[in-house]
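Asks: I'm passing along run_35.cif; it holds mmCIF, C-alpha atoms.
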data_start
loop_
_atom_site.label_atom_id
_atom_site.label_comp_id
_atom_site.auth_asym_id
_atom_site.auth_seq_id
_atom_site.Cartn_x
_atom_site.Cartn_y
_atom_site.Cartn_z
CA MET T 1 -14.34 -61.84 -22.70
CA ARG T 2 -13.71 -62.93 -19.12
CA ASN T 3 -17.33 -62.38 -18.24
CA ARG T 4 -18.51 -64.91 -20.78
CA LEU T 5 -16.56 -67.80 -19.39
CA ALA T 6 -17.45 -69.83 -16.43
CA ALA T 7 -15.35 -71.66 -14.01
CA CYS T 8 -17.56 -74.61 -14.62
CA VAL T 9 -16.78 -76.86 -11.69
CA LEU T 10 -15.66 -75.68 -8.26
CA VAL T 11 -16.94 -77.74 -5.40
CA ILE T 12 -15.45 -77.66 -1.93
CA ILE T 13 -17.35 -80.03 0.26
CA ALA T 14 -16.62 -82.48 3.03
CA GLY T 15 -15.93 -85.82 1.49
CA CYS T 16 -15.08 -89.43 1.86
CA GLY T 17 -11.62 -90.99 2.09
CA GLY T 18 -10.01 -93.90 0.32
CA GLY T 19 -7.28 -94.13 -2.29
CA GLU T 20 -8.95 -91.63 -4.62
CA LEU T 21 -8.99 -87.88 -4.31
CA THR T 22 -11.25 -86.53 -1.65
CA LEU T 23 -13.95 -84.18 -2.84
CA THR T 24 -12.00 -81.28 -1.34
CA GLU T 25 -8.78 -82.31 -3.11
CA TYR T 26 -10.68 -82.67 -6.36
CA ALA T 27 -12.26 -79.25 -5.93
CA GLU T 28 -8.89 -77.67 -5.19
CA GLN T 29 -7.44 -79.11 -8.39
CA VAL T 30 -10.39 -77.91 -10.46
CA GLU T 31 -10.20 -74.51 -8.80
CA GLY T 32 -6.49 -74.25 -9.59
CA ASN T 33 -7.18 -74.91 -13.26
CA THR T 34 -10.07 -72.47 -13.52
CA THR T 35 -8.18 -69.79 -11.60
CA ALA T 36 -5.20 -70.14 -13.94
CA MET T 37 -7.52 -69.78 -16.94
CA TYR T 38 -9.17 -66.64 -15.55
CA GLN T 39 -5.79 -65.10 -14.72
CA THR T 40 -4.59 -65.72 -18.27
CA LEU T 41 -7.75 -64.26 -19.77
CA GLU T 42 -7.48 -61.22 -17.53
CA GLU T 43 -3.85 -60.67 -18.50
CA LEU T 44 -4.71 -60.98 -22.19
CA THR T 45 -7.51 -58.43 -22.05
CA ARG T 46 -6.20 -56.04 -19.40
CA ASP T 47 -4.55 -53.56 -21.73
CA VAL T 48 -6.57 -54.12 -24.89
CA ALA T 49 -8.85 -51.33 -26.11
CA PHE T 50 -11.61 -53.44 -27.63
CA GLU T 51 -13.14 -50.49 -29.45
CA ALA T 52 -9.90 -49.99 -31.41
CA LEU T 53 -8.69 -53.54 -32.03
CA THR T 54 -5.98 -54.10 -34.58
CA VAL T 55 -5.55 -57.34 -36.48
CA GLU T 56 -2.48 -58.06 -34.39
CA ASP T 57 -4.43 -57.46 -31.16
CA VAL T 58 -7.13 -59.89 -32.25
CA GLN T 59 -4.62 -62.54 -33.25
CA GLU T 60 -2.68 -62.20 -30.00
CA VAL T 61 -5.72 -62.13 -27.72
CA TYR T 62 -7.61 -65.00 -29.32
CA GLY T 63 -4.50 -67.12 -29.74
CA GLY T 64 -3.96 -66.68 -26.01
CA VAL T 65 -7.62 -67.37 -25.26
CA ALA T 66 -7.41 -70.64 -27.19
CA THR T 67 -4.29 -71.56 -25.22
CA ALA T 68 -6.08 -70.80 -21.93
CA PHE T 69 -9.07 -72.94 -22.95
CA ASN T 70 -6.75 -75.81 -23.87
CA ARG T 71 -4.86 -75.56 -20.59
CA LEU T 72 -8.14 -75.75 -18.70
CA ASN T 73 -9.19 -78.76 -20.74
CA ASP T 74 -5.81 -80.47 -20.30
CA GLY T 75 -5.92 -79.79 -16.57
CA LEU T 76 -9.39 -81.29 -16.24
CA GLU T 77 -8.32 -84.31 -18.28
CA ASP T 78 -5.45 -84.89 -15.86
CA ILE T 79 -7.75 -85.03 -12.84
CA GLU T 80 -9.10 -88.39 -11.74
CA PRO T 81 -12.31 -87.41 -9.96
CA PRO T 82 -13.74 -89.23 -6.97
CA ALA T 83 -16.17 -91.93 -8.08
CA ASP T 84 -19.10 -89.92 -6.76
CA LEU T 85 -18.26 -87.05 -9.13
CA ALA T 86 -17.22 -89.05 -12.19
CA GLU T 87 -20.38 -88.25 -14.14
CA LEU T 88 -20.27 -84.56 -13.22
CA HIS T 89 -16.58 -84.41 -14.15
CA ALA T 90 -17.23 -86.14 -17.48
CA SER T 91 -19.88 -83.54 -18.29
CA ALA T 92 -17.57 -80.68 -17.37
CA LEU T 93 -14.77 -82.25 -19.39
CA GLY T 94 -17.02 -82.60 -22.42
CA LEU T 95 -17.90 -78.92 -22.21
CA SER T 96 -14.28 -77.86 -21.76
CA THR T 97 -13.28 -80.01 -24.74
CA GLU T 98 -15.94 -78.29 -26.86
CA LEU T 99 -14.75 -74.89 -25.67
CA ALA T 100 -11.11 -75.70 -26.44
CA ALA T 101 -11.98 -76.91 -29.94
CA ALA T 102 -14.08 -73.82 -30.64
CA GLY T 103 -11.30 -71.57 -29.31
CA ASP T 104 -8.75 -73.31 -31.54
CA ALA T 105 -10.94 -72.94 -34.62
CA PHE T 106 -11.55 -69.25 -33.96
CA ALA T 107 -7.87 -68.56 -33.22
CA SER T 108 -6.96 -70.29 -36.47
CA LEU T 109 -9.45 -68.11 -38.31
CA THR T 110 -7.98 -64.96 -36.75
CA ASP T 111 -4.58 -65.93 -38.16
CA ASP T 112 -6.06 -65.61 -41.66
CA VAL T 113 -7.29 -62.04 -41.11
CA GLU T 114 -5.14 -59.52 -42.94
CA SER T 115 -6.93 -56.18 -42.46
CA GLU T 116 -9.13 -54.32 -39.99
CA ASP T 117 -11.92 -54.42 -42.60
CA GLU T 118 -12.14 -58.19 -42.13
CA LEU T 119 -12.66 -57.98 -38.37
CA ALA T 120 -16.44 -57.44 -38.49
CA GLU T 121 -16.80 -60.51 -40.69
CA LEU T 122 -14.54 -62.45 -38.32
CA PHE T 123 -16.73 -61.75 -35.29
CA SER T 124 -19.89 -62.83 -37.14
CA SER T 125 -18.31 -66.06 -38.40
CA PRO T 126 -19.56 -69.55 -37.55
CA GLU T 127 -16.34 -70.03 -35.54
CA ALA T 128 -17.10 -66.97 -33.40
CA ARG T 129 -20.65 -68.21 -32.85
CA ALA T 130 -19.27 -71.64 -31.88
CA VAL T 131 -17.12 -70.03 -29.16
CA ASP T 132 -20.13 -68.08 -27.90
CA THR T 133 -22.26 -71.23 -27.87
CA ALA T 134 -19.61 -73.25 -26.03
CA GLN T 135 -19.25 -70.49 -23.45
CA GLU T 136 -23.01 -70.26 -22.99
CA LYS T 137 -23.21 -74.03 -22.43
CA MET T 138 -20.53 -73.84 -19.76
CA VAL T 139 -22.26 -70.95 -18.01
CA SER T 140 -25.58 -72.79 -18.10
CA PHE T 141 -23.97 -75.97 -16.74
CA CYS T 142 -22.30 -73.95 -14.02
CA LEU T 143 -25.47 -72.12 -13.00
CA GLU T 144 -27.42 -75.40 -12.86
CA ARG T 145 -24.76 -77.01 -10.65
CA GLN T 146 -24.60 -73.89 -8.49
CA ALA T 147 -28.36 -74.05 -7.95
CA GLU T 148 -28.04 -77.69 -6.89
CA PHE T 149 -25.24 -76.84 -4.47
CA ASP T 150 -27.18 -73.90 -3.09
CA ALA T 151 -30.07 -76.25 -2.40
CA THR T 152 -27.78 -78.59 -0.46
CA ALA T 153 -26.32 -75.63 1.42
CA ASP T 154 -29.86 -74.78 2.50
CA ARG T 155 -30.14 -78.40 3.70
CA GLU T 156 -32.86 -79.27 1.19
CA ALA T 157 -33.41 -82.91 0.38
CA PHE T 158 -30.56 -84.54 -1.53
CA ALA T 159 -32.94 -86.64 -3.64
CA ASP T 160 -32.80 -84.24 -6.59
CA THR T 161 -29.00 -84.20 -6.62
CA PRO T 162 -27.96 -87.82 -7.25
CA TRP T 163 -24.28 -86.97 -7.79
CA ILE T 164 -23.83 -85.81 -4.19
CA PRO T 165 -22.32 -88.70 -2.24
CA PRO T 166 -24.66 -90.19 0.34
CA GLU T 167 -21.91 -90.21 2.95
CA MET T 168 -21.51 -86.44 2.72
CA GLN T 169 -22.41 -84.94 6.07
CA GLU T 170 -22.52 -81.23 5.30
CA VAL T 171 -21.61 -78.71 2.68
CA VAL T 172 -18.58 -76.72 3.74
CA LEU T 173 -18.26 -74.26 0.89
CA VAL T 174 -19.47 -73.88 -2.64
CA ALA T 175 -17.96 -71.25 -4.89
CA PHE T 176 -18.57 -71.78 -8.58
CA GLY T 177 -18.17 -68.17 -9.68
CA CYS T 178 -20.88 -68.66 -12.32
CA GLU T 179 -22.21 -65.14 -12.10
CA GLN T 180 -19.02 -63.60 -13.45
CA GLY T 181 -19.75 -65.43 -16.67
CA THR T 182 -23.05 -63.62 -17.16
CA ASN T 183 -22.67 -60.07 -15.94
CA GLY T 184 -21.08 -58.42 -18.98
CA ASP T 185 -17.67 -57.60 -17.48
#
Do you think you could lay out the structure here as structure tokens?

Replies:
Amino acid sequence: MRNRLAACVLVIIAGCGGGELTLTEYAEQVEGNTTAMYQTLEELTRDVAFEALTVEDVQEVYGGVATAFNRLNDGLEDIEPPADLAELHASALGLSTELAAAGDAFASLTDDVESEDELAELFSSPEARAVDTAQEKMVSFCLERQAEFDATADREAFADTPWIPPEMQEVVLVAFGCEQGTNGD
């Protein structure tokens, strides 16, 4: 499960000042939220034998997954991004909102499962597909942003990355963690 989720926005770059969050402060807040989500997902799945899931296991795991998605979404909603990242943040927030809603719908569906025989049907449900789709969108978003950051790290022209503030002098660190969402862990 953990491998299918992306920490969609982690940007640590030198930034501008003012009364708003700096880019580094913003990135630290986003990173804290994504790290908390990944820790929760890891704890939920650490001791679960997925090849021998019980109804209770499924209900517990996916109820917890939905809670983790909602905490990420709530955390992102609470962040007031720097003006230069407002559009990027709004996109990430939209994706996290979609993921939280899909997680809630699937967790609700798991609560209705009464026997192991219903599990196969559960995992082929529209709600399960909606979670997969939301996760895939986040991973895609993350990989696209990572590619843009990698280009700036290589000191390529900033013209193709309009959300990077013009006053930014150099990229200090970029660590999205997108790849863990696609490697099948």

Asks: Residues within 7 Å of (-8.1, -57.4, -28.7), file coordinates, counting all atoms listed in the file: what are they? Give the list as a short mmCIF file (atom, residue, chain, number, x, y, z; two decimals) with C-alpha atoms, in the coordinates of the input.

Replies:
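Generated file (out_30.cif):
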data_model
loop_
_atom_site.label_atom_id
_atom_site.label_comp_id
_atom_site.auth_asym_id
_atom_site.auth_seq_id
_atom_site.Cartn_x
_atom_site.Cartn_y
_atom_site.Cartn_z
CA THR T 45 -7.51 -58.43 -22.05
CA VAL T 48 -6.57 -54.12 -24.89
CA ALA T 49 -8.85 -51.33 -26.11
CA PHE T 50 -11.61 -53.44 -27.63
CA LEU T 53 -8.69 -53.54 -32.03
CA ASP T 57 -4.43 -57.46 -31.16
CA VAL T 58 -7.13 -59.89 -32.25
CA VAL T 61 -5.72 -62.13 -27.72
#

Asks: Do you have the CA of Glu136 in chain T-CA of Phe69 in chain T distance handy?

Replies: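 If I compute the distance from CA of Glu136 in chain T to CA of Phe69 in chain T, I get 14.2 Å.
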
Asks: Applying the PyMOL selection byres ((chain T and resi 104) around 9) to the file I just gave you, which residues come out? Please list them as a list in words.

Replies: Tyr62, Gly63, Val65, Ala66, Thr67, Phe69, Asn70, Leu99, Ala100, Ala101, Ala102, Gly103, Ala105, Phe106, Ala107, Ser108 and Leu109 of chain T

Asks: For Ala36 in chain T, which residue out of T:Ala52, T:Leu23, T:Leu72, T:Ile79 is the nearest one, using all atoms listed in the file?

Replies: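 Smallest separation from Ala36 in chain T among the options: T:Leu72.
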
Asks: So how many Å separate CA of Thr110 in chain T and CA of Val55 in chain T, to one decimal?

Replies: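 CA of Val55 in chain T lies 8.0 Å from CA of Thr110 in chain T.
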
Asks: Between T:Gln135, T:Glu116, T:Arg129, T:Val30, which one has atoms that come closest to Glu51 in chain T, using all atoms listed in the file?

Replies: T:Glu116

Asks: Quick one: of T:Cys142, T:Leu119, T:Ala128, T:Leu41, who's nearest to Ala68 in chain T, counting only C-alpha atoms?

Replies: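 For Ala68 in chain T, the nearest of the candidates is T:Leu41.
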
Asks: Nearest to Asp132 in chain T: which of T:Thr40, T:Glu98, T:Glu114, T:Glu77 is it, counting all atoms listed in the file?

Replies: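 For Asp132 in chain T, the nearest of the given residues is T:Glu98.
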
Asks: As an exercise, work out the distance from CA of Glu148 in chain T to CA of Thr97 in chain T in Å and give it to one decimal place.

Replies: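 CA of Thr97 in chain T lies at a distance of 23.3 Å from CA of Glu148 in chain T.
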
Asks: Taking only C-alpha atoms into account, name the residue in T:Arg71, T:Glu127, T:Ser115, T:Glu25 that is nearest to Met37 in chain T.

Replies: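 Comparing T:Arg71, T:Glu127, T:Ser115, T:Glu25 against Met37 in chain T, the winner is T:Arg71.
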
Asks: For this file, the PyMOL selection byres ((chain T and resi 92) around 9) selects which residues, as JSON, numbers by chain?

Replies: {"T": [8, 9, 76, 87, 88, 89, 90, 91, 93, 94, 95, 96, 97, 138, 141, 142]}
